[in-house]
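Trainee: Structure supplied as data.txt; contents: compact mmCIF, C-alpha atoms.
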# COMPACT_ATOMS: atom_id res chain seq x y z
CA MET A 1 72.67 21.58 -21.66
CA SER A 2 74.27 22.78 -24.87
CA GLU A 3 77.67 22.53 -23.19
CA TYR A 4 76.92 18.92 -22.28
CA ARG A 5 75.94 18.22 -25.89
CA GLN A 6 79.11 19.82 -27.13
CA ILE A 7 81.21 17.68 -24.82
CA GLN A 8 79.27 14.60 -25.90
CA LYS A 9 79.77 15.48 -29.56
CA ALA A 10 83.47 16.03 -29.06
CA MET A 11 83.75 12.66 -27.31
CA ASP A 12 81.86 10.93 -30.10
CA GLN A 13 84.12 12.51 -32.68
CA LYS A 14 87.18 11.43 -30.72
CA LYS A 15 85.81 7.91 -30.59
CA GLU A 16 85.11 7.90 -34.34
CA ILE A 17 88.66 9.01 -35.02
CA TRP A 18 90.02 6.30 -32.75
CA VAL A 19 87.89 3.63 -34.47
CA GLU A 20 89.14 4.78 -37.89
CA GLU A 21 92.73 4.71 -36.65
CA VAL A 22 92.26 1.18 -35.36
CA LEU A 23 90.67 0.06 -38.64
CA ASN A 24 93.52 1.63 -40.60
CA SER A 25 96.19 0.14 -38.37
CA ILE A 26 96.61 -2.77 -40.79
CA ASP A 27 97.50 -0.49 -43.69
CA GLY A 28 100.88 -1.44 -45.04
CA ILE A 29 100.88 -4.78 -43.20
CA THR A 30 103.55 -7.16 -44.45
CA ARG A 31 103.33 -10.93 -44.58
CA ALA A 32 104.56 -12.86 -41.59
CA GLU A 33 107.32 -15.28 -42.45
CA ALA A 34 107.39 -18.82 -41.19
CA PRO A 35 110.51 -19.85 -39.27
CA ASP A 36 113.13 -21.78 -41.27
CA ALA A 37 112.74 -24.88 -39.10
CA ILE A 38 109.18 -25.38 -40.31
CA GLU A 39 110.37 -26.85 -43.60
CA VAL A 40 112.20 -29.63 -41.77
CA LYS A 41 109.15 -30.28 -39.58
CA ILE A 42 106.85 -30.50 -42.61
CA LEU A 43 109.20 -32.96 -44.34
CA GLN A 44 109.38 -35.03 -41.16
CA LYS A 45 105.58 -35.17 -40.99
CA ILE A 46 105.30 -36.08 -44.66
CA ASN A 47 107.89 -38.84 -44.37
CA ALA A 48 106.58 -40.19 -41.08
CA PRO A 49 104.86 -43.57 -41.46
CA GLN A 50 101.14 -42.92 -41.66
CA ALA A 51 98.58 -44.92 -39.75
CA LYS A 52 97.10 -47.42 -42.18
CA VAL A 53 93.46 -46.86 -43.00
CA ILE A 54 91.73 -50.20 -43.46
CA LYS A 55 88.87 -50.03 -45.90
CA LEU A 56 86.13 -52.55 -45.31
CA GLU A 57 84.21 -54.22 -48.09
CA SER A 58 80.42 -53.88 -47.78
CA SER A 59 80.06 -57.60 -46.93
CA GLN A 60 82.76 -57.29 -44.26
CA PHE A 61 81.00 -54.24 -42.91
CA ARG A 62 77.70 -56.16 -42.71
CA TRP A 63 79.40 -59.00 -40.81
CA LEU A 64 80.96 -56.49 -38.44
CA ALA A 65 77.60 -54.79 -37.82
CA ALA A 66 75.89 -58.17 -37.30
CA SER A 67 78.51 -59.27 -34.75
CA ILE A 68 78.15 -56.00 -32.85
CA VAL A 69 74.35 -56.41 -32.76
CA LEU A 70 74.76 -60.04 -31.63
CA LEU A 71 77.22 -59.05 -28.93
CA ILE A 72 74.94 -56.32 -27.61
CA GLY A 73 71.93 -58.71 -27.76
CA LEU A 74 73.74 -61.43 -25.82
CA ASN A 75 74.84 -58.92 -23.20
CA MET A 76 71.27 -57.72 -22.82
CA VAL A 77 69.97 -61.27 -22.42
CA LEU A 78 72.65 -62.05 -19.84
CA LEU A 79 71.94 -58.86 -17.93
CA SER A 80 68.17 -59.45 -17.90
CA GLN A 81 68.70 -63.04 -16.71
CA LYS A 82 71.03 -61.87 -13.98
CA HIS A 83 68.47 -59.29 -12.91
CA LYS A 84 65.71 -61.95 -12.93
CA ASN A 85 67.81 -64.32 -10.79
CA GLN A 86 68.58 -61.56 -8.33
CA SER A 87 64.91 -60.60 -7.92
CA ASN A 88 63.95 -64.30 -7.47
CA GLN A 89 66.64 -64.64 -4.82
CA ILE A 90 65.29 -61.59 -2.98
CA ARG A 91 61.76 -63.01 -3.12
CA VAL A 92 62.99 -66.36 -1.72
CA ASN A 93 64.80 -64.59 1.11
CA GLN A 94 61.73 -62.51 1.92
CA ASN A 95 59.51 -65.59 1.96
CA HIS A 96 61.99 -67.30 4.21
CA GLU A 97 62.03 -64.31 6.56
CA TYR A 98 58.24 -64.37 7.07
CA ASP A 99 57.92 -68.14 7.07
CA PHE A 100 57.40 -68.84 10.78
CA GLY A 101 57.39 -72.51 11.45
CA SER A 102 55.33 -74.02 14.25
CA ASN A 103 58.45 -74.47 16.33
CA ASP A 104 59.22 -70.81 16.04
CA LEU A 105 55.81 -69.91 17.44
CA ILE A 106 56.33 -72.28 20.38
CA LYS A 107 59.67 -70.65 21.07
CA LEU A 108 58.08 -67.21 21.06
CA MET B 1 96.84 -18.16 -41.02
CA LEU B 2 98.59 -16.18 -38.31
CA SER B 3 95.85 -13.52 -38.57
CA TYR B 4 93.26 -16.23 -38.19
CA LEU B 5 94.78 -18.13 -35.30
CA GLN B 6 96.52 -15.20 -33.61
CA SER B 7 99.18 -17.44 -32.13
CA ALA B 8 102.56 -18.16 -33.72
CA GLU B 9 102.67 -21.60 -32.14
CA ASP B 10 99.23 -22.60 -33.46
CA ALA B 11 99.98 -21.12 -36.88
CA GLN B 12 103.13 -23.26 -37.15
CA GLU B 13 101.20 -26.37 -36.21
CA VAL B 14 98.43 -25.71 -38.72
CA THR B 15 100.94 -24.76 -41.45
CA GLN B 16 102.52 -28.18 -41.09
CA ASP B 17 99.11 -29.86 -41.36
CA VAL B 18 98.26 -27.79 -44.44
CA PHE B 19 101.38 -28.87 -46.30
CA VAL B 20 100.96 -32.48 -45.29
CA GLU B 21 97.41 -32.38 -46.72
CA VAL B 22 98.62 -30.62 -49.87
CA HIS B 23 101.19 -33.39 -50.30
CA GLN B 24 98.62 -36.12 -49.72
CA LYS B 25 95.94 -34.67 -51.98
CA LEU B 26 98.08 -33.26 -54.75
CA GLY B 27 97.08 -36.18 -56.94
CA SER B 28 93.39 -35.32 -56.64
CA PHE B 29 93.93 -31.62 -57.35
CA ARG B 30 91.84 -30.56 -60.33
CA GLU B 31 93.42 -27.89 -62.42
CA GLU B 32 90.16 -25.95 -62.68
CA ALA B 33 91.40 -23.68 -59.93
CA GLN B 34 94.80 -22.14 -59.38
CA ILE B 35 97.00 -24.07 -57.00
CA SER B 36 97.28 -21.02 -54.72
CA THR B 37 93.46 -20.86 -54.46
CA TRP B 38 93.39 -24.53 -53.54
CA VAL B 39 96.13 -24.15 -50.92
CA TYR B 40 94.40 -21.07 -49.45
CA ARG B 41 91.17 -23.05 -49.19
CA ILE B 42 92.92 -25.88 -47.34
CA ALA B 43 94.62 -23.36 -45.05
CA ILE B 44 91.33 -21.62 -44.21
CA ASN B 45 89.52 -24.89 -43.54
CA LYS B 46 92.35 -26.18 -41.37
CA SER B 47 92.45 -22.89 -39.44
CA LEU B 48 88.68 -22.93 -38.91
CA ASP B 49 88.79 -26.55 -37.74
CA PHE B 50 91.61 -25.71 -35.36
CA LEU B 51 89.74 -22.70 -33.96
CA ARG B 52 86.55 -24.73 -33.49
CA PHE B 53 88.55 -27.39 -31.67
CA LYS B 54 90.20 -24.74 -29.53
CA ASN B 55 86.87 -23.08 -28.73
CA ARG B 56 85.42 -26.42 -27.69
CA LYS B 57 88.40 -26.86 -25.40
CA LYS B 58 87.86 -23.35 -24.09
CA ARG B 59 84.25 -24.14 -23.20
CA PHE B 60 85.42 -27.00 -21.03
CA ALA B 61 88.32 -25.04 -19.64
CA PHE B 62 86.57 -24.68 -16.30
CA LEU B 63 87.05 -28.40 -15.83
CA THR B 64 90.78 -28.10 -16.32
CA SER B 65 93.20 -25.41 -15.37
CA LEU B 66 92.97 -22.11 -17.21
CA TRP B 67 96.65 -21.63 -16.72
CA HIS B 68 99.50 -23.49 -18.35
CA PRO B 69 100.95 -25.89 -15.77
CA GLU B 70 104.58 -24.98 -16.56
CA SER B 71 104.64 -21.40 -17.73
CA GLY B 72 101.75 -20.22 -15.55
CA GLU B 73 100.36 -18.20 -18.47
CA LEU B 74 96.73 -18.14 -19.49
CA GLN B 75 96.33 -20.95 -22.01
CA TYR B 76 93.45 -19.52 -23.96
CA ASP B 77 94.13 -15.80 -23.94
CA GLN B 78 94.60 -14.29 -27.40
CA SER B 79 93.70 -10.73 -26.58
CA ASP B 80 97.22 -9.33 -26.82
CA PHE B 81 98.17 -10.70 -30.20
CA ILE B 82 100.18 -8.36 -32.38
CA HIS B 83 100.83 -9.39 -35.96
CA PRO B 84 104.58 -9.13 -36.70
CA GLY B 85 103.87 -7.46 -40.06
CA ILE B 86 102.17 -4.42 -38.49
CA GLN B 87 104.10 -1.16 -38.58
CA LEU B 88 105.64 -0.33 -35.24
CA GLU B 89 103.69 2.89 -34.61
CA ARG B 90 100.37 1.11 -35.25
CA LYS B 91 100.92 -1.98 -33.13
CA GLU B 92 98.95 -0.72 -30.14
CA GLN B 93 95.85 0.05 -32.22
CA ALA B 94 96.16 -3.17 -34.22
CA LYS B 95 95.88 -5.09 -30.98
CA TYR B 96 92.29 -3.85 -30.61
CA LEU B 97 91.52 -4.67 -34.21
CA PHE B 98 92.68 -8.28 -33.94
CA LYS B 99 90.74 -8.69 -30.72
CA ALA B 100 87.55 -7.46 -32.42
CA LEU B 101 88.32 -9.58 -35.49
CA ASN B 102 88.08 -12.67 -33.31
CA GLU B 103 84.48 -11.81 -32.49
CA LEU B 104 83.33 -11.74 -36.12
CA PRO B 105 81.39 -14.58 -37.72
CA GLU B 106 83.66 -16.97 -39.65
CA SER B 107 82.69 -15.79 -43.15
CA GLN B 108 83.11 -12.10 -42.31
CA LYS B 109 86.43 -12.77 -40.62
CA THR B 110 87.69 -14.73 -43.64
CA ALA B 111 86.56 -12.04 -46.06
CA PHE B 112 88.22 -9.27 -44.04
CA ILE B 113 91.50 -11.18 -43.66
CA LEU B 114 91.73 -12.09 -47.34
CA ILE B 115 91.00 -8.56 -48.54
CA TYR B 116 92.64 -6.30 -45.96
CA ILE B 117 95.40 -8.43 -44.46
CA GLU B 118 96.33 -10.77 -47.30
CA ASN B 119 95.65 -7.94 -49.76
CA LEU B 120 94.16 -10.31 -52.32
CA PRO B 121 92.09 -9.02 -55.24
CA TYR B 122 88.33 -9.48 -54.79
CA GLU B 123 88.19 -11.99 -57.66
CA ASP B 124 90.80 -14.26 -56.08
CA ALA B 125 89.33 -14.00 -52.59
CA ALA B 126 85.87 -14.80 -53.96
CA LYS B 127 87.23 -17.93 -55.67
CA ILE B 128 88.90 -19.04 -52.44
CA MET B 129 85.68 -18.55 -50.49
CA GLU B 130 83.60 -20.03 -53.31
CA VAL B 131 81.24 -17.05 -53.38
CA SER B 132 80.49 -14.40 -55.98
CA VAL B 133 82.40 -11.12 -55.96
CA LYS B 134 79.17 -9.33 -55.01
CA ALA B 135 78.62 -11.63 -52.05
CA LEU B 136 82.19 -11.08 -50.97
CA GLU B 137 81.83 -7.29 -51.19
CA SER B 138 78.77 -7.52 -49.00
CA LEU B 139 80.62 -9.72 -46.49
CA VAL B 140 83.50 -7.23 -46.32
CA GLN B 141 81.10 -4.32 -45.76
CA ARG B 142 79.30 -6.22 -43.03
CA ALA B 143 82.63 -7.16 -41.45
CA LYS B 144 83.71 -3.51 -41.36
CA LYS B 145 80.38 -2.44 -39.92
CA THR B 146 80.50 -5.10 -37.22
CA LEU B 147 84.10 -4.24 -36.41
CA ARG B 148 83.18 -0.55 -36.04
CA GLU B 149 80.36 -1.42 -33.64
CA LYS B 150 82.51 -3.79 -31.61
CA LEU B 151 85.36 -1.30 -31.40
CA LYS B 152 82.97 1.43 -30.23
CA ASN B 153 81.53 -0.88 -27.59
CA ASN B 154 84.98 -1.95 -26.45
CA ARG B 155 86.01 1.69 -26.21
CA ASN B 156 82.96 2.39 -24.03
CA SER B 157 83.59 -0.48 -21.65
Starting from the file, give its structure as structure tokens.
Mentor:
Amino acid sequence: MSEYRQIQKAMDQKKEIWVEEVLNSIDGITRAEAPDAIEVKILQKINAPQAKVIKLESSQFRWLAASIVLLIGLNMVLLSQKHKNQSNQIRVNQNHEYDFGSNDLIKL
Amino acid sequence: MLSYLQSAEDAQEVTQDVFVEVHQKLGSFREEAQISTWVYRIAINKSLDFLRFKNRKKRFAFLTSLWHPESGELQYDQSDFIHPGIQLERKEQAKYLFKALNELPESQKTAFILIYIENLPYEDAAKIMEVSVKALESLVQRAKKTLREKLKNNRNS
């Protein structure tokens, strides 16, 4: 048992040493240098025409919001009407299906 | 930024964005802080944004291919990053450190990089992170503790 403990202790110590070595591996680190071409790329990006940001006035923003709401509202009305028409059509067809006329009964 | 992003390609991309933003916002720069502090702050924020974006992409990676269509390399693997400024004889161990660094919370990672990799004084790093020196010291201690635990666990597995 004591031998096992000794082995375990030695392994733990080894691990501790390894962890310390890893933590100290950045000692004396030097700065990484950017490649020379990056300067040209940065200047190209700076000089490239930027996408124009359009700032809206508050009144313009309100109009925009109102038109969106109106558009959504109209779409909803249209959709609900379409749905209503479709269900009416189905009902008519069903009624027609079960509407046996007197002639139909004679034929049967 | 390279320590943050652990990819030369990504670091170049973010460096460009940082300088473009510096150029655009130079007019609004208040001289309360040093310009280097301000640039560092922009660089950290840009790097964090980039990493968040990349992590989001990683989460949805199962929908796309994990491998680069042309090179056939894993697109999201950063585990083998070696900082070019590391001394040659320590490169192998540093690989484990950078891997564990990626698993730290953002604030601990930033604190560790600024103090141990950028070698900045505590006062300057605290200004960049907009925290007190005491808070920064605590973050660095926690970062070291977490790194130790993660390294031990990685060694076990």
Trainee: For chain B, work out the contacting residues on chain A at 9 Å, counting only C-alpha atoms, and write them as a PyMOL selection string.
Mentor: chain A and resi 15-16+18-35+38-39+41-43+45-46
Trainee: Please provide the set of residues having any atom within 8 Å of region 136-143 of chain B, restricted to all atoms listed in the file, with same-chain residues fewer than 4 positions apart removed, written as a list of chain:residue names.
Mentor: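 That gives B:Leu104, B:Ser107, B:Gln108, B:Lys109, B:Ala111, B:Phe112, B:Ile115, B:Tyr122, B:Ala125, B:Ala126, B:Val131, B:Ser132, B:Leu147.
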Trainee: Report, in Å to a single decimal, how far apart CA of Phe29 (chain B) and CA of Ile42 (chain B) are.
Mentor: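 Straight-line distance from CA of Ile42 (chain B) to CA of Phe29 (chain B) works out to 11.6 Å.
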Trainee: Centre and edge lengths of an axis-aligned box around all listed atoms of region 126-132 of chain B, with 6 Å added on each side, are to be given in Å to one decimal, as AutoDock Vina command-line options.
Mentor:
--center_x 84.7 --center_y -17.2 --center_z -53.2 --size_x 20.4 --size_y 17.6 --size_z 17.5
Trainee: Do you know which residues lie at most 10 Å from (96.5, -23.7, -53.1), with coordinates as in the file and all atoms listed in the file counted, and could you write them as a ChimeraX atom specification?
Mentor: /B:18-19,22,26,29,33-43,128
Trainee: So what do you get for CA of Lys46 (chain B) versus CA of Phe81 (chain B), distance-wise?
Mentor: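 Going from CA of Lys46 (chain B) over to CA of Phe81 (chain B) covers 20.0 Å.
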